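The file model_21.cif contains mmCIF, C-alpha atoms and all ligand atoms:
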```
data_protein
loop_
_atom_site.label_atom_id
_atom_site.label_comp_id
_atom_site.auth_asym_id
_atom_site.auth_seq_id
_atom_site.Cartn_x
_atom_site.Cartn_y
_atom_site.Cartn_z
CA MET A 405 31.73 127.76 174.23
CA LYS A 406 34.22 125.16 173.08
CA ALA A 407 37.63 125.43 171.46
CA GLN A 408 37.82 122.49 169.07
CA HIS A 409 41.40 121.23 168.54
CA PRO A 410 43.33 124.49 168.95
CA GLU A 411 46.69 122.68 168.52
CA PHE A 412 47.72 124.86 165.58
CA GLU A 413 46.91 128.16 167.28
CA ILE A 414 48.68 127.20 170.51
CA TYR A 415 51.71 125.64 168.79
CA ASN A 416 52.10 128.91 166.89
CA GLN A 417 52.85 130.66 170.19
CA GLY A 418 55.74 128.31 170.99
CA ILE A 419 59.48 128.23 170.32
CA HIS A 420 59.24 125.37 167.81
CA ALA A 421 56.86 127.27 165.51
CA ARG A 422 59.09 130.29 165.87
CA SER A 423 62.03 128.12 164.82
CA ASN A 424 60.12 126.77 161.79
CA VAL A 425 59.75 123.27 163.22
CA SER A 426 56.50 121.86 161.80
CA CYS A 427 53.92 119.44 163.24
CA ALA A 428 55.20 116.79 160.84
CA ASP A 429 58.83 117.16 162.03
CA CYS A 430 57.78 115.78 165.42
CA HIS A 431 54.65 113.78 164.63
CA MET A 432 55.58 112.35 161.21
CA PRO A 433 59.38 111.99 161.30
CA TYR A 434 61.27 110.42 158.41
CA ALA A 435 61.77 106.69 158.39
CA ARG A 436 63.61 104.34 156.08
CA THR A 437 61.91 101.41 154.42
CA GLY A 438 64.53 99.64 152.35
CA ALA A 439 66.08 102.21 150.06
CA MET A 440 63.19 104.67 150.45
CA LYS A 441 62.91 107.58 152.87
CA ILE A 442 59.29 108.18 153.82
CA SER A 443 57.48 110.25 156.44
CA ASP A 444 55.94 108.17 159.22
CA HIS A 445 52.13 108.23 158.86
CA HIS A 446 51.43 106.85 162.32
CA VAL A 447 50.62 110.31 163.71
CA ARG A 448 50.98 109.76 167.47
CA SER A 449 52.88 110.85 170.56
CA PRO A 450 56.49 111.73 169.61
CA LEU A 451 57.51 110.33 172.99
CA LEU A 452 56.98 106.85 171.53
CA ASN A 453 59.73 107.65 169.06
CA ILE A 454 62.08 110.21 170.59
CA ASN A 455 64.98 109.06 168.49
CA ARG A 456 63.45 110.10 165.17
CA SER A 457 61.11 112.81 166.47
CA CYS A 458 63.49 114.85 168.62
CA GLN A 459 67.06 113.66 168.33
CA SER A 460 67.28 114.71 164.71
CA CYS A 461 67.67 118.23 166.17
CA HIS A 462 68.48 117.81 169.89
CA ALA A 463 71.79 116.32 170.98
CA PHE A 464 70.59 114.94 174.32
CA SER A 465 69.77 111.38 175.39
CA GLU A 466 66.27 109.95 174.96
CA GLN A 467 65.85 109.97 178.76
CA GLU A 468 66.84 113.65 178.96
CA MET A 469 64.38 114.62 176.20
CA LYS A 470 61.63 112.66 177.93
CA ASP A 471 62.47 114.33 181.27
CA ARG A 472 62.30 117.78 179.64
CA VAL A 473 58.85 117.08 178.27
CA GLU A 474 57.70 115.68 181.60
CA GLN A 475 58.98 118.73 183.51
CA ILE A 476 56.95 121.00 181.21
CA GLN A 477 53.88 118.75 181.49
CA THR A 478 54.07 118.49 185.30
CA ARG A 479 54.11 122.27 185.66
CA PHE A 480 51.21 122.54 183.26
CA THR A 481 49.17 119.88 185.08
CA GLU A 482 49.64 121.51 188.46
CA SER A 483 48.57 124.93 187.11
CA ARG A 484 45.62 123.43 185.22
CA ASP A 485 44.42 121.65 188.37
CA THR A 486 44.72 124.87 190.38
CA ALA A 487 42.55 126.60 187.76
CA MET A 488 40.00 123.76 187.63
CA ASN A 489 39.69 123.66 191.42
CA ALA A 490 39.13 127.44 191.44
CA LEU A 491 36.40 127.02 188.80
CA MET A 492 34.64 124.38 190.93
CA GLU A 493 34.75 126.75 193.90
CA LEU A 494 33.20 129.56 191.84
CA ILE A 495 30.40 127.26 190.66
CA GLU A 496 29.81 126.15 194.27
CA ASP A 497 29.62 129.81 195.40
CA ILE A 498 27.13 130.61 192.62
CA LYS A 499 24.99 127.66 193.71
CA LYS A 500 25.04 128.81 197.34
CA ALA A 501 24.19 132.39 196.34
CA LYS A 502 21.21 131.18 194.29
CA ALA A 503 20.00 129.07 197.20
CA ALA A 504 20.29 132.15 199.41
CA GLY A 505 18.01 134.08 197.03
CA ALA A 506 20.41 135.88 194.68
CA LYS A 507 18.77 137.36 191.58
CA ASP A 508 20.13 136.80 188.06
CA ALA A 509 21.38 140.40 188.02
CA ASP A 510 23.41 139.72 191.19
CA LEU A 511 25.15 136.82 189.45
CA LYS A 512 25.79 138.31 186.03
CA ALA A 513 29.48 139.07 186.70
CA ALA A 514 30.07 135.68 188.34
CA TRP A 515 28.50 133.84 185.39
CA GLU A 516 30.60 135.81 182.94
CA ALA A 517 33.71 134.91 184.93
CA GLN A 518 32.67 131.24 184.91
CA ARG A 519 32.31 131.33 181.13
CA ARG A 520 35.64 133.06 180.67
CA GLY A 521 37.52 130.82 183.09
CA GLN A 522 35.98 127.67 181.65
CA PHE A 523 36.85 128.70 178.11
CA PHE A 524 40.48 129.48 178.92
CA ILE A 525 40.98 126.18 180.77
CA ASP A 526 39.35 124.24 177.94
CA LEU A 527 41.49 126.08 175.37
CA VAL A 528 44.73 124.68 176.79
CA GLU A 529 43.23 121.33 177.76
CA ALA A 530 41.81 120.71 174.28
CA GLU A 531 45.12 121.34 172.54
CA ASN A 532 46.29 117.92 173.74
CA SER A 533 50.03 118.36 174.37
CA VAL A 534 49.67 118.88 178.16
CA GLY A 535 51.45 122.21 177.88
CA PHE A 536 54.31 121.14 175.61
CA HIS A 537 53.48 122.98 172.38
CA ALA A 538 53.85 126.43 173.98
CA PRO A 539 54.65 126.17 177.72
CA GLY A 540 54.81 129.87 178.62
CA GLU A 541 51.71 130.79 176.64
CA GLU A 542 49.68 127.97 178.15
CA LEU A 543 50.60 128.99 181.70
CA ARG A 544 49.72 132.60 180.80
CA ILE A 545 46.26 131.49 179.65
CA LEU A 546 45.74 129.52 182.89
CA ASN A 547 46.75 132.62 184.85
CA GLN A 548 44.07 134.58 183.00
CA ALA A 549 41.55 131.86 183.87
CA ILE A 550 42.40 131.92 187.59
CA ASP A 551 42.28 135.71 187.67
CA ALA A 552 38.83 135.79 186.04
CA ILE A 553 37.50 133.05 188.33
CA ARG A 554 38.68 134.66 191.59
CA LYS A 555 37.26 138.03 190.47
CA GLY A 556 34.00 136.24 189.74
CA GLN A 557 33.87 134.90 193.30
CA LEU A 558 34.50 138.41 194.63
CA ALA A 559 31.69 139.77 192.44
CA ILE A 560 29.02 137.69 194.22
CA PRO A 561 27.22 140.02 196.65
CA ALA A 562 28.19 139.11 200.23
CA ARG A 563 24.63 138.92 201.54
CA THR A 564 23.82 136.11 199.11
CA SER A 565 27.03 134.08 199.21
CA ARG A 566 26.91 133.08 202.88
C1 LIG B 601 58.66 119.98 168.78
C2 LIG B 601 57.82 118.84 168.57
C3 LIG B 601 56.35 119.03 168.32
C4 LIG B 601 55.74 119.84 167.37
C5 LIG B 601 56.40 120.78 166.39
C6 LIG B 601 54.33 119.60 167.48
N1 LIG B 601 54.09 118.69 168.48
FE1 LIG B 601 52.33 117.91 168.97
N2 LIG B 601 53.14 117.01 170.61
C7 LIG B 601 54.49 117.00 170.90
C8 LIG B 601 54.68 116.36 172.20
C9 LIG B 601 56.01 116.15 172.93
C10 LIG B 601 53.40 115.97 172.65
C11 LIG B 601 53.04 115.28 173.98
C12 LIG B 601 52.96 113.80 173.78
C13 LIG B 601 52.69 113.02 175.04
O1 LIG B 601 52.37 113.61 176.09
O2 LIG B 601 52.75 111.78 174.96
C14 LIG B 601 52.46 116.36 171.60
C15 LIG B 601 51.11 116.05 171.61
C16 LIG B 601 50.26 116.26 170.55
C17 LIG B 601 48.94 115.69 170.41
C18 LIG B 601 48.34 114.66 171.36
C19 LIG B 601 48.90 113.32 170.95
C20 LIG B 601 48.64 112.19 171.89
O3 LIG B 601 48.95 111.03 171.51
O4 LIG B 601 48.17 112.41 173.01
C21 LIG B 601 48.40 116.16 169.25
C22 LIG B 601 47.04 115.83 168.67
C23 LIG B 601 49.39 117.04 168.65
N3 LIG B 601 50.51 117.07 169.45
C24 LIG B 601 49.22 117.73 167.46
C25 LIG B 601 50.16 118.64 166.93
C26 LIG B 601 49.90 119.55 165.84
C27 LIG B 601 48.60 119.61 165.05
C28 LIG B 601 51.04 120.27 165.67
C29 LIG B 601 51.30 121.42 164.71
C30 LIG B 601 50.29 122.47 164.69
C31 LIG B 601 52.03 119.79 166.62
N4 LIG B 601 51.45 118.82 167.39
C32 LIG B 601 53.35 120.21 166.71
C33 LIG B 601 55.48 117.51 170.10
C34 LIG B 601 55.31 118.34 169.03
C1 LIG B 602 63.53 120.32 163.37
C2 LIG B 602 64.26 120.56 164.60
C3 LIG B 602 63.60 120.23 165.93
C4 LIG B 602 62.90 119.09 166.28
C5 LIG B 602 62.50 117.92 165.41
C6 LIG B 602 62.60 119.23 167.69
N1 LIG B 602 63.09 120.41 168.19
FE1 LIG B 602 62.98 121.07 170.10
N2 LIG B 602 63.82 122.83 169.59
C7 LIG B 602 64.28 123.13 168.30
C8 LIG B 602 64.73 124.53 168.29
C9 LIG B 602 65.33 125.25 167.09
C10 LIG B 602 64.50 125.02 169.59
C11 LIG B 602 64.74 126.44 170.09
C12 LIG B 602 66.00 126.51 170.88
C13 LIG B 602 67.19 126.62 169.99
O1 LIG B 602 67.17 127.44 169.06
O2 LIG B 602 68.15 125.87 170.23
C14 LIG B 602 63.96 123.93 170.38
C15 LIG B 602 63.65 124.03 171.73
C16 LIG B 602 63.21 122.97 172.50
C17 LIG B 602 62.99 123.01 173.93
C18 LIG B 602 63.14 124.23 174.83
C19 LIG B 602 61.80 124.92 174.84
C20 LIG B 602 61.76 126.24 175.56
O3 LIG B 602 60.64 126.75 175.72
O4 LIG B 602 62.79 126.79 175.92
C21 LIG B 602 62.56 121.78 174.32
C22 LIG B 602 62.16 121.32 175.73
C23 LIG B 602 62.48 120.97 173.14
N3 LIG B 602 62.90 121.72 172.06
C24 LIG B 602 62.06 119.66 173.11
C25 LIG B 602 61.84 118.92 171.94
C26 LIG B 602 61.24 117.60 171.91
C27 LIG B 602 60.78 116.83 173.14
C28 LIG B 602 61.19 117.22 170.60
C29 LIG B 602 60.60 115.95 170.02
C30 LIG B 602 59.24 115.65 170.39
C31 LIG B 602 61.77 118.30 169.81
N4 LIG B 602 62.15 119.30 170.65
C32 LIG B 602 61.92 118.28 168.44
C33 LIG B 602 64.33 122.29 167.22
C34 LIG B 602 63.72 121.05 167.15
#
```

This structure in structure tokens:
Amino acid sequence: MKAQHPEFEIYNQGIHARSNVSCADCHMPYARTGAMKISDHHVRSPLLNINRSCQSCHAFSEQEMKDRVEQIQTRFTESRDTAMNALMELIEDIKKAKAAGAKDADLKAAWEAQRRGQFFIDLVEAENSVGFHAPGEELRILNQAIDAIRKGQLAIPARTSR
């Protein structure tokens, strides 16, 4: 299973969507060329252009806005890595259990947990803002992933896992 570009769905769970701030407000901010006001069509990271992308609404320095984004992204990255490491451990445990003679039926719950955990991690990873578009929601999804993965490890019958 693969979530393909779920930016819109995730962004919708965040404070900016709730405040009617659109994708274009941050990613296609207004620019002046001569006497004309146009929207910037270089759709890219707003951090390359904090002045026009963020400071139109936020009265903090460029450095402060950058630091706020980085704080959100650092928390996201740590939680994502915790979830990914857990997923690798589950896969390792499934491999060991198979080598020790586990039957498919013994591993059904663990495989389902792997699928669930993998999908949730990919969902937030594939939305490309490193947690910024909806920080709380993205950490909630990673929590769900970790919970499913650890339950999957517990569901492997003891006699086959070691
Ligand atoms: C409040 C501002 C804001 C809004 C609204 C917003 N984004 Fe973003 N977006 C960001 C920030 C900040 C990043 C992280 C950029 C970085 O890490 O360099 C980002 C990253 C991205 C990226 C990855 C860009 C890259 O260069 O890595 C994509 C794609 C993206 N957003 C799409 C969208 C879409 C689609 C929407 C609307 C559904 C949206 N964004 C709404 C601020 C916003
Ligand atoms: C069109 C206006 C607008 C733009 C553009 C905008 N924001 Fe916001 N931002 C808001 C509003 C509204 C809120 C909600 C808080 C409030 O009501 O003051 C908010 C909240 C935030 C928060 C707090 C999030 C939270 O979960 O509490 C951060 C961080 C933030 N913005 C960063 C950015 C960054 C970085 C950019 C540029 C990439 C940006 N904003 C662009 C209007 C905007």

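The interatomic distance for the pair CA of Thr481 (chain A) and CA of His537 (chain A) works out to 13.8 Å.
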
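The residue that comes closest to Ile560 (chain A), out of A:Gly505, A:Pro433, A:Pro539, A:Gly521 and on the basis of only C-alpha atoms, is A:Gly505.
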
Return as a tab-separated table the residues of chain A lying at most 6 Å from ligand LIG 601 (chain B), together with the closest atom-to-atom pair for each and the distance in Å to one decimal, counting only C-alpha atoms and all ligand atoms, with rows in chain order and ascending residue number.
```
residue	atom	partner	partner_atom	distance
A:Glu411	CA	B:LIG601	C27	5.0
A:Phe412	CA	B:LIG601	C30	3.6
A:Tyr415	CA	B:LIG601	C30	5.4
A:His420	CA	B:LIG601	C1	5.5
A:Val425	CA	B:LIG601	C5	5.2
A:Ser426	CA	B:LIG601	C5	4.7
A:Cys427	CA	B:LIG601	C29	3.6
A:Cys430	CA	B:LIG601	C2	4.4
A:Arg448	CA	B:LIG601	O3	4.7
A:Ser449	CA	B:LIG601	O3	4.0
A:Pro450	CA	B:LIG601	C9	5.5
A:Leu451	CA	B:LIG601	O2	5.4
A:Asn532	CA	B:LIG601	C18	4.5
A:Ser533	CA	B:LIG601	C15	3.8
A:Phe536	CA	B:LIG601	C8	5.9
A:His537	CA	B:LIG601	N1	5.8
```

Requested in this report: Tell me which protein, DNA and RNA residues are within 10 Å of region 507-510 of chain A, counting only C-alpha atoms, leaving out same-chain ones fewer than 6 positions away, and put them as a count of residues only.
Outcome: 6

Requested in this report: Please give me, as an NGL selection string, the residues lying within 12 Å of ligand LIG 602 (chain B) when counting all atoms listed in the file.
Outcome: :A and (415 or 417-434 or 448-477 or 533 or 535-543)

Query raised in the report: Hey, what's within 12 Å of Leu491 (chain A) if we count only C-alpha atoms and toss same-chain stuff fewer than 4 positions away? As a ChimeraX atom specification, please?
Result: /A:484-487,495-498,514-515,517-526,546,549-557

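Between CA of Leu494 (chain A) and CA of Ala506 (chain A) the interatomic distance comes to 14.5 Å.
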
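You will find CA of Leu558 (chain A) at 9.4 Å from CA of Ala513 (chain A).
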